[in-house]
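Raw work_15.txt, compact mmCIF, C-alpha atoms and all ligand atoms:
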```
# COMPACT_ATOMS: atom_id res chain seq x y z
CA MET H 1 272.81 74.83 108.13
CA ILE H 2 272.91 76.57 104.74
CA SER H 3 273.05 80.28 104.13
CA PHE H 4 273.15 82.32 100.98
CA GLU H 5 274.19 85.86 101.76
CA LYS H 6 273.70 88.50 99.07
CA ILE H 7 274.59 86.15 96.24
CA ARG H 8 275.25 87.61 92.82
CA LYS H 9 275.64 85.52 89.68
CA THR H 10 275.70 86.38 85.99
CA PHE H 11 276.90 83.81 83.49
CA ALA H 12 277.99 85.99 80.61
CA GLU H 13 278.60 89.67 80.10
CA GLY H 14 275.53 91.47 78.86
CA GLU H 15 273.17 88.77 80.11
CA ASN H 16 270.63 89.35 82.82
CA PRO H 17 271.87 88.32 86.24
CA VAL H 18 270.46 85.04 87.56
CA PHE H 19 270.94 86.28 91.14
CA GLU H 20 271.19 89.84 92.44
CA GLU H 21 271.64 90.06 96.19
CA PHE H 22 269.90 86.75 96.82
CA SER H 23 269.73 85.77 100.50
CA GLU H 24 268.15 82.75 102.11
CA TYR H 25 268.73 80.83 105.32
CA ILE H 26 267.99 77.16 105.78
CA ASP H 27 267.95 75.80 109.32
CA GLU H 28 269.17 72.39 110.38
CA GLY H 29 266.40 69.85 109.85
CA GLU H 30 264.35 71.99 107.44
CA PHE H 31 262.81 70.70 104.22
CA VAL H 32 262.97 73.47 101.65
CA ILE H 33 261.08 73.12 98.38
CA LEU H 34 262.72 75.36 95.81
CA THR H 35 260.41 76.48 93.04
CA GLY H 36 260.51 78.95 90.19
CA LYS H 37 259.96 78.95 86.48
CA SER H 38 262.46 77.29 84.15
CA GLY H 39 265.65 79.37 84.03
CA SER H 40 265.02 81.05 87.39
CA GLY H 41 268.24 79.60 88.86
CA LYS H 42 267.20 76.49 90.83
CA SER H 43 269.94 74.28 89.38
CA THR H 44 272.47 77.10 89.63
CA LEU H 45 271.76 77.41 93.35
CA ILE H 46 272.29 73.67 93.85
CA LYS H 47 275.45 73.74 91.71
CA MET H 48 276.83 76.54 93.84
CA LEU H 49 276.29 74.38 96.94
CA LEU H 50 278.20 71.58 95.22
CA LYS H 51 280.93 73.99 94.15
CA GLU H 52 280.30 73.13 90.52
CA THR H 53 279.90 76.83 89.88
CA GLU H 54 280.92 79.89 91.91
CA PRO H 55 278.91 83.00 92.77
CA ASP H 56 280.32 86.32 91.51
CA GLY H 57 279.72 87.87 94.90
CA GLY H 58 278.27 87.21 98.33
CA ARG H 59 278.89 84.35 100.67
CA ILE H 60 277.61 80.80 100.97
CA MET H 61 277.95 78.93 104.26
CA VAL H 62 277.29 75.20 104.61
CA ASP H 63 277.40 73.59 108.04
CA GLY H 64 279.63 76.34 109.34
CA ARG H 65 282.01 76.45 106.37
CA ASP H 66 282.44 79.35 104.00
CA LEU H 67 282.47 77.64 100.59
CA SER H 68 284.89 80.18 99.13
CA GLU H 69 287.51 78.89 101.58
CA ILE H 70 287.36 75.30 100.37
CA LYS H 71 290.45 74.64 98.26
CA PRO H 72 290.10 72.82 94.91
CA GLY H 73 291.80 69.73 96.35
CA GLU H 74 289.28 69.55 99.19
CA ILE H 75 286.21 69.69 96.97
CA PRO H 76 285.78 65.89 96.56
CA PHE H 77 285.87 65.46 100.35
CA TYR H 78 283.45 68.33 100.83
CA ARG H 79 281.03 66.82 98.28
CA ARG H 80 281.08 63.43 99.97
CA GLY H 81 279.45 65.07 102.95
CA LEU H 82 276.38 65.93 100.85
CA GLY H 83 273.77 63.53 99.50
CA VAL H 84 272.80 64.46 95.95
CA ILE H 85 269.93 63.33 93.73
CA PHE H 86 269.64 64.35 90.08
CA GLN H 87 266.82 64.24 87.56
CA ASP H 88 268.87 61.99 85.26
CA PHE H 89 269.90 59.45 87.94
CA ARG H 90 273.62 59.12 87.07
CA LEU H 91 274.00 55.50 88.19
CA PHE H 92 276.85 53.25 87.06
CA ASP H 93 275.22 51.03 84.41
CA GLU H 94 277.89 48.33 84.69
CA TYR H 95 277.26 47.77 88.41
CA THR H 96 274.27 46.19 90.13
CA VAL H 97 272.16 48.16 92.57
CA PHE H 98 274.21 46.70 95.40
CA GLY H 99 277.42 47.48 93.50
CA ASN H 100 276.40 51.09 92.94
CA LEU H 101 275.98 51.56 96.67
CA GLU H 102 279.18 49.68 97.42
CA VAL H 103 281.20 51.99 95.15
CA THR H 104 279.89 55.00 97.02
CA LEU H 105 280.54 53.45 100.41
CA ASN H 106 284.05 52.35 99.42
CA LEU H 107 285.01 55.98 98.92
CA THR H 108 284.44 56.63 102.59
CA GLY H 109 285.87 53.47 104.13
CA GLY H 110 284.33 51.15 106.72
CA SER H 111 284.75 47.41 107.10
CA GLY H 112 283.28 44.66 104.88
CA LYS H 113 280.58 43.22 107.16
CA ASP H 114 279.38 46.63 108.28
CA LYS H 115 279.21 47.76 104.68
CA GLU H 116 276.97 44.92 103.59
CA LYS H 117 274.59 45.50 106.48
CA ARG H 118 274.54 49.23 105.86
CA ILE H 119 273.61 48.71 102.20
CA THR H 120 270.92 46.14 103.05
CA ASP H 121 269.43 48.38 105.74
CA ILE H 122 269.19 51.38 103.42
CA LEU H 123 267.66 49.30 100.61
CA LYS H 124 265.06 47.99 103.07
CA LEU H 125 264.34 51.47 104.37
CA LEU H 126 263.50 52.60 100.83
CA GLY H 127 261.60 49.39 100.05
CA ILE H 128 263.91 48.18 97.25
CA ASP H 129 265.96 45.38 98.84
CA ARG H 130 264.48 42.91 96.34
CA LEU H 131 266.23 44.82 93.53
CA HIS H 132 269.76 44.51 94.88
CA LYS H 133 271.07 42.20 92.12
CA ARG H 134 269.55 44.15 89.23
CA TYR H 135 271.40 46.45 86.89
CA PRO H 136 270.16 50.02 86.31
CA GLY H 137 269.07 49.05 82.77
CA GLU H 138 266.65 46.56 84.33
CA LEU H 139 264.89 49.15 86.50
CA SER H 140 261.98 51.55 85.94
CA GLY H 141 262.62 55.27 86.33
CA GLY H 142 261.01 55.30 89.76
CA GLU H 143 263.13 52.35 90.89
CA LYS H 144 266.28 54.01 89.56
CA GLN H 145 265.51 57.15 91.48
CA LYS H 146 265.04 55.14 94.68
CA VAL H 147 268.50 53.63 94.14
CA CYS H 148 269.84 57.17 93.73
CA MET H 149 268.19 58.11 97.01
CA ALA H 150 269.79 55.11 98.68
CA ARG H 151 273.14 56.20 97.29
CA ALA H 152 272.56 59.77 98.49
CA ILE H 153 271.96 58.73 102.09
CA ILE H 154 274.33 55.77 102.43
CA ASN H 155 277.01 57.93 104.06
CA ASP H 156 274.48 59.48 106.42
CA PRO H 157 274.84 63.08 105.16
CA LYS H 158 273.48 65.99 107.17
CA ILE H 159 272.22 67.58 103.95
CA VAL H 160 270.46 66.08 100.91
CA LEU H 161 270.19 68.13 97.71
CA ALA H 162 267.73 67.06 95.02
CA ASP H 163 267.46 68.80 91.66
CA GLU H 164 264.14 67.96 89.99
CA PRO H 165 264.23 64.38 91.32
CA THR H 166 260.86 63.61 89.73
CA GLY H 167 261.53 65.40 86.43
CA ASN H 168 261.64 62.12 84.48
CA LEU H 169 258.99 60.21 86.43
CA ASP H 170 255.29 59.43 86.09
CA PRO H 171 252.91 60.91 88.71
CA GLY H 172 252.74 57.71 90.79
CA SER H 173 256.51 57.33 91.03
CA SER H 174 256.85 61.05 91.74
CA ARG H 175 254.58 60.75 94.75
CA GLU H 176 256.63 57.83 96.05
CA ILE H 177 259.87 59.79 95.68
CA PHE H 178 258.42 62.81 97.52
CA ARG H 179 257.21 60.53 100.32
CA LEU H 180 260.64 58.90 100.62
CA LEU H 181 262.33 62.31 100.74
CA GLU H 182 260.00 63.16 103.58
CA LEU H 183 261.01 59.94 105.30
CA ILE H 184 264.68 60.91 104.97
CA HIS H 185 263.83 64.34 106.33
CA ARG H 186 262.11 62.78 109.35
CA HIS H 187 265.40 61.09 110.22
CA GLY H 188 266.74 64.58 110.86
CA THR H 189 268.32 65.34 107.48
CA THR H 190 268.16 68.85 106.05
CA VAL H 191 266.69 68.64 102.55
CA LEU H 192 266.78 71.16 99.71
CA MET H 193 264.75 70.04 96.72
CA ALA H 194 264.18 71.92 93.48
CA THR H 195 260.98 70.96 91.71
CA HIS H 196 258.63 72.20 89.01
CA ASP H 197 255.84 70.20 90.66
CA TYR H 198 254.99 72.15 93.78
CA ASP H 199 251.34 71.09 93.68
CA THR H 200 252.24 67.46 94.32
CA ALA H 201 255.30 68.04 96.49
CA GLY H 202 253.66 70.63 98.73
CA ALA H 203 250.64 68.42 99.31
CA LEU H 204 252.78 65.43 100.36
CA ILE H 205 255.60 67.15 102.22
CA LYS H 206 253.75 68.61 105.16
CA GLU H 207 256.70 70.34 106.78
CA GLY H 208 258.09 71.67 103.52
CA ARG H 209 258.86 75.39 103.29
CA ARG H 210 258.53 76.84 99.85
CA VAL H 211 261.20 79.18 98.54
CA SER H 212 260.31 80.63 95.16
CA LEU H 213 262.94 82.15 92.87
CA ASP H 214 260.32 83.92 90.75
CA LYS H 215 260.65 87.67 90.89
P1 LIG H 301 266.48 76.34 86.52
O1 LIG H 301 267.18 75.15 87.11
O2 LIG H 301 265.65 77.10 87.51
O3 LIG H 301 265.67 75.99 85.30
P2 LIG H 301 269.18 77.20 85.85
O4 LIG H 301 269.83 77.41 87.16
O5 LIG H 301 269.51 75.96 85.12
O6 LIG H 301 267.59 77.37 86.03
O7 LIG H 301 269.54 78.41 84.91
C1 LIG H 301 269.38 79.77 85.30
C2 LIG H 301 269.84 80.68 84.17
O8 LIG H 301 271.25 80.60 84.03
C3 LIG H 301 269.27 80.34 82.80
O9 LIG H 301 269.04 81.54 82.11
C4 LIG H 301 270.38 79.56 82.15
O10 LIG H 301 270.34 79.69 80.76
C5 LIG H 301 271.62 80.18 82.72
N1 LIG H 301 272.73 79.22 82.83
C6 LIG H 301 272.76 78.15 83.63
N2 LIG H 301 273.93 77.49 83.52
C7 LIG H 301 274.66 78.18 82.61
C8 LIG H 301 275.97 78.01 82.05
N3 LIG H 301 276.76 77.00 82.41
N4 LIG H 301 276.37 78.91 81.13
C9 LIG H 301 275.59 79.94 80.78
N5 LIG H 301 274.36 80.16 81.26
C10 LIG H 301 273.88 79.30 82.16
MG MG H 302 267.14 73.13 86.68
```

Is it possible to give me this structure as structure tokens?
Amino acid sequence: MISFEKIRKTFAEGENPVFEEFSEYIDEGEFVILTGKSGSGKSTLIKMLLKETEPDGGRIMVDGRDLSEIKPGEIPFYRRGLGVIFQDFRLFDEYTVFGNLEVTLNLTGGSGKDKEKRITDILKLLGIDRLHKRYPGELSGGEKQKVCMARAIINDPKIVLADEPTGNLDPGSSREIFRLLELIHRHGTTVLMATHDYDTAGALIKEGRRVSLDK
């Protein structure tokens, strides 16, 4: 589903490379837990999958597509096929929970009635349907991250990418987020999650495969 083939990446001349001939293969339906000390390249790897940054060499394939062949104009469409969860949430503060999901769904079309049901179903799946009229400012960090997860899966992506999804959360909320990611994974989604908290994640995500970027 995802392959990194001999990836090289250095940000600035004279700096140590972040990746030298890095290769890794992620099968459809896998849950990969990406670990490594701060600065080891976890976020860079996820940004390369999102085409927010480019490798200097090597090839990245996602669901059969060579990312270097995606033209700039196609990038928004390509990104819509991925579910993404960030440490800092990135919700629209001026929209309700429901509104945040609606905005995402509107980008991909679908009819009104179906949309409402789709949003309600996802909110129920993640156990947050009671929050649908709230604004992000009225939610705890854990609740915000669940809304982000709902947003990430609303378009039924084959792949979910999560970069330190529990980085701003307390231990209890972190466990809930890991469990929900496992739930998403059980629906057949391929998940790549970067985390500094392997002890908790590895204990909860039974089928997780650890990939460490530490040398
Ligand atoms: P991690 O997420 O594992 O903490 P990052 O992928 O954020 O690591 O960073 C890997 C390395 O690349 C670090 O040394 C970081 O300073 C460097 N780096 C990341 N992004 C940039 C950038 N936009 N410009 C320059 N250096 C960067
Ligand atoms: Mg990072």

Please return as number ranges by chain the residues found within 10 Å of ligand LIG 301 (chain H), counting only C-alpha atoms and all ligand atoms.
H: 9-12, 15-19, 34-48, 52-53, 163-164, 194-196, 212-214

Using the file's own x, y and z axes, so that the box edges lie along x, y and z, what centre and edge lengths in Å (one decimal) does a box around every listed atom of range 67-75 of chain H get when 3 Å is added on each side? Give it as lines of an AutoDock Vina configuration file.
```
center_x = 287.1
center_y = 74.9
center_z = 98.2
size_x = 15.3
size_y = 16.6
size_z = 12.7
```

Compare H:Ile70, H:Ala201, H:Val97, H:Val191 by their minimum atom-to-atom distance to Pro136 in chain H, counting all atoms listed in the file, and give me the closest one.
H:Val97

Could you make a table, as JSON lines, of the residues of range 152-189 of chain H that have an atom within 12 Å of an atom of range 74-79 of chain H, each with its nearest atom pair and distance in Å to one decimal, counting all atoms listed in the file, in chain and number order?
```
{"residue": "H:Ala152", "atom": "CA", "partner": "H:Arg79", "partner_atom": "CA", "distance": 11.0}
{"residue": "H:Asn155", "atom": "CA", "partner": "H:Arg79", "partner_atom": "CA", "distance": 11.3}
{"residue": "H:Pro157", "atom": "CA", "partner": "H:Arg79", "partner_atom": "CA", "distance": 10.0}
{"residue": "H:Lys158", "atom": "CA", "partner": "H:Arg79", "partner_atom": "CA", "distance": 11.7}
{"residue": "H:Ile159", "atom": "CA", "partner": "H:Arg79", "partner_atom": "CA", "distance": 10.5}
{"residue": "H:Val160", "atom": "CA", "partner": "H:Arg79", "partner_atom": "CA", "distance": 10.9}
{"residue": "H:Leu161", "atom": "CA", "partner": "H:Arg79", "partner_atom": "CA", "distance": 10.9}
```

If you count all atoms listed in the file, which residues fall within 10 Å of Thr104 in chain H, apart from same-chain ones fewer than 2 positions away, as number ranges by chain?
H: 80, 99-102, 106-109, 151-152, 154-155

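Within 7 Å of the file-frame point (261.6, 65.0, 104.0), and using all atoms listed in the file, the polymer residues found are Phe31, Leu181, Glu182, Leu183, Ile184, His185, Arg186, Val191 and Ile205 of chain H.
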
For range 137-156 of chain H, where the input has fewer atoms than it should, I would like N, CA, C and O atoms rebuilt and written as a PDB file, in the coordinates of the input.
```
ATOM      1  N   GLY H 137     269.839  49.243  84.004  1.00  0.00           N
ATOM      2  CA  GLY H 137     269.070  49.050  82.770  1.00  0.00           C
ATOM      3  C   GLY H 137     267.847  48.169  82.941  1.00  0.00           C
ATOM      4  O   GLY H 137     266.983  48.115  82.062  1.00  0.00           O
ATOM      5  N   GLU H 138     267.782  47.457  84.062  1.00  0.00           N
ATOM      6  CA  GLU H 138     266.650  46.560  84.330  1.00  0.00           C
ATOM      7  C   GLU H 138     265.637  47.178  85.309  1.00  0.00           C
ATOM      8  O   GLU H 138     264.800  46.480  85.860  1.00  0.00           O
ATOM      9  N   LEU H 139     265.770  48.486  85.533  1.00  0.00           N
ATOM     10  CA  LEU H 139     264.890  49.150  86.500  1.00  0.00           C
ATOM     11  C   LEU H 139     264.008  50.199  85.828  1.00  0.00           C
ATOM     12  O   LEU H 139     264.402  50.788  84.824  1.00  0.00           O
ATOM     13  N   SER H 140     262.828  50.439  86.405  1.00  0.00           N
ATOM     14  CA  SER H 140     261.980  51.550  85.940  1.00  0.00           C
ATOM     15  C   SER H 140     262.599  52.858  86.439  1.00  0.00           C
ATOM     16  O   SER H 140     263.475  52.850  87.317  1.00  0.00           O
ATOM     17  N   GLY H 141     262.113  53.961  85.902  1.00  0.00           N
ATOM     18  CA  GLY H 141     262.620  55.270  86.330  1.00  0.00           C
ATOM     19  C   GLY H 141     262.450  55.483  87.825  1.00  0.00           C
ATOM     20  O   GLY H 141     263.360  55.950  88.514  1.00  0.00           O
ATOM     21  N   GLY H 142     261.277  55.119  88.329  1.00  0.00           N
ATOM     22  CA  GLY H 142     261.010  55.300  89.760  1.00  0.00           C
ATOM     23  C   GLY H 142     261.956  54.462  90.610  1.00  0.00           C
ATOM     24  O   GLY H 142     262.459  54.926  91.641  1.00  0.00           O
ATOM     25  N   GLU H 143     262.207  53.220  90.152  1.00  0.00           N
ATOM     26  CA  GLU H 143     263.130  52.350  90.890  1.00  0.00           C
ATOM     27  C   GLU H 143     264.550  52.911  90.852  1.00  0.00           C
ATOM     28  O   GLU H 143     265.265  52.917  91.858  1.00  0.00           O
ATOM     29  N   LYS H 144     264.941  53.411  89.674  1.00  0.00           N
ATOM     30  CA  LYS H 144     266.280  54.010  89.560  1.00  0.00           C
ATOM     31  C   LYS H 144     266.424  55.175  90.536  1.00  0.00           C
ATOM     32  O   LYS H 144     267.455  55.325  91.200  1.00  0.00           O
ATOM     33  N   GLN H 145     265.390  55.982  90.601  1.00  0.00           N
ATOM     34  CA  GLN H 145     265.510  57.150  91.480  1.00  0.00           C
ATOM     35  C   GLN H 145     265.580  56.736  92.945  1.00  0.00           C
ATOM     36  O   GLN H 145     266.254  57.388  93.744  1.00  0.00           O
ATOM     37  N   LYS H 146     264.928  55.622  93.294  1.00  0.00           N
ATOM     38  CA  LYS H 146     265.040  55.140  94.680  1.00  0.00           C
ATOM     39  C   LYS H 146     266.461  54.661  94.962  1.00  0.00           C
ATOM     40  O   LYS H 146     266.979  54.852  96.071  1.00  0.00           O
ATOM     41  N   VAL H 147     267.095  54.039  93.960  1.00  0.00           N
ATOM     42  CA  VAL H 147     268.500  53.630  94.140  1.00  0.00           C
ATOM     43  C   VAL H 147     269.374  54.878  94.334  1.00  0.00           C
ATOM     44  O   VAL H 147     270.263  54.899  95.183  1.00  0.00           O
ATOM     45  N   CYS H 148     269.082  55.918  93.576  1.00  0.00           N
ATOM     46  CA  CYS H 148     269.840  57.170  93.730  1.00  0.00           C
ATOM     47  C   CYS H 148     269.641  57.753  95.124  1.00  0.00           C
ATOM     48  O   CYS H 148     270.581  58.309  95.720  1.00  0.00           O
ATOM     49  N   MET H 149     268.436  57.611  95.644  1.00  0.00           N
ATOM     50  CA  MET H 149     268.190  58.110  97.010  1.00  0.00           C
ATOM     51  C   MET H 149     268.983  57.288  98.010  1.00  0.00           C
ATOM     52  O   MET H 149     269.547  57.828  98.957  1.00  0.00           O
ATOM     53  N   ALA H 150     269.012  55.974  97.789  1.00  0.00           N
ATOM     54  CA  ALA H 150     269.790  55.110  98.680  1.00  0.00           C
ATOM     55  C   ALA H 150     271.254  55.530  98.644  1.00  0.00           C
ATOM     56  O   ALA H 150     271.912  55.667  99.674  1.00  0.00           O
ATOM     57  N   ARG H 151     271.748  55.784  97.435  1.00  0.00           N
ATOM     58  CA  ARG H 151     273.140  56.200  97.290  1.00  0.00           C
ATOM     59  C   ARG H 151     273.383  57.544  97.996  1.00  0.00           C
ATOM     60  O   ARG H 151     274.421  57.757  98.621  1.00  0.00           O
ATOM     61  N   ALA H 152     272.395  58.431  97.890  1.00  0.00           N
ATOM     62  CA  ALA H 152     272.560  59.770  98.490  1.00  0.00           C
ATOM     63  C   ALA H 152     272.649  59.711 100.009  1.00  0.00           C
ATOM     64  O   ALA H 152     273.300  60.552 100.623  1.00  0.00           O
ATOM     65  N   ILE H 153     271.983  58.728 100.609  1.00  0.00           N
ATOM     66  CA  ILE H 153     271.960  58.730 102.090  1.00  0.00           C
ATOM     67  C   ILE H 153     272.857  57.674 102.720  1.00  0.00           C
ATOM     68  O   ILE H 153     272.942  57.592 103.940  1.00  0.00           O
ATOM     69  N   ILE H 154     273.557  56.891 101.884  1.00  0.00           N
ATOM     70  CA  ILE H 154     274.330  55.770 102.430  1.00  0.00           C
ATOM     71  C   ILE H 154     275.429  56.224 103.390  1.00  0.00           C
ATOM     72  O   ILE H 154     275.782  55.521 104.328  1.00  0.00           O
ATOM     73  N   ASN H 155     275.966  57.415 103.167  1.00  0.00           N
ATOM     74  CA  ASN H 155     277.010  57.930 104.060  1.00  0.00           C
ATOM     75  C   ASN H 155     276.448  58.804 105.176  1.00  0.00           C
ATOM     76  O   ASN H 155     277.206  59.528 105.824  1.00  0.00           O
ATOM     77  N   ASP H 156     275.121  58.750 105.341  1.00  0.00           N
ATOM     78  CA  ASP H 156     274.480  59.480 106.420  1.00  0.00           C
ATOM     79  C   ASP H 156     274.792  60.984 106.390  1.00  0.00           C
ATOM     80  O   ASP H 156     275.274  61.560 107.373  1.00  0.00           O
TER      81      ASP H 156
END
```
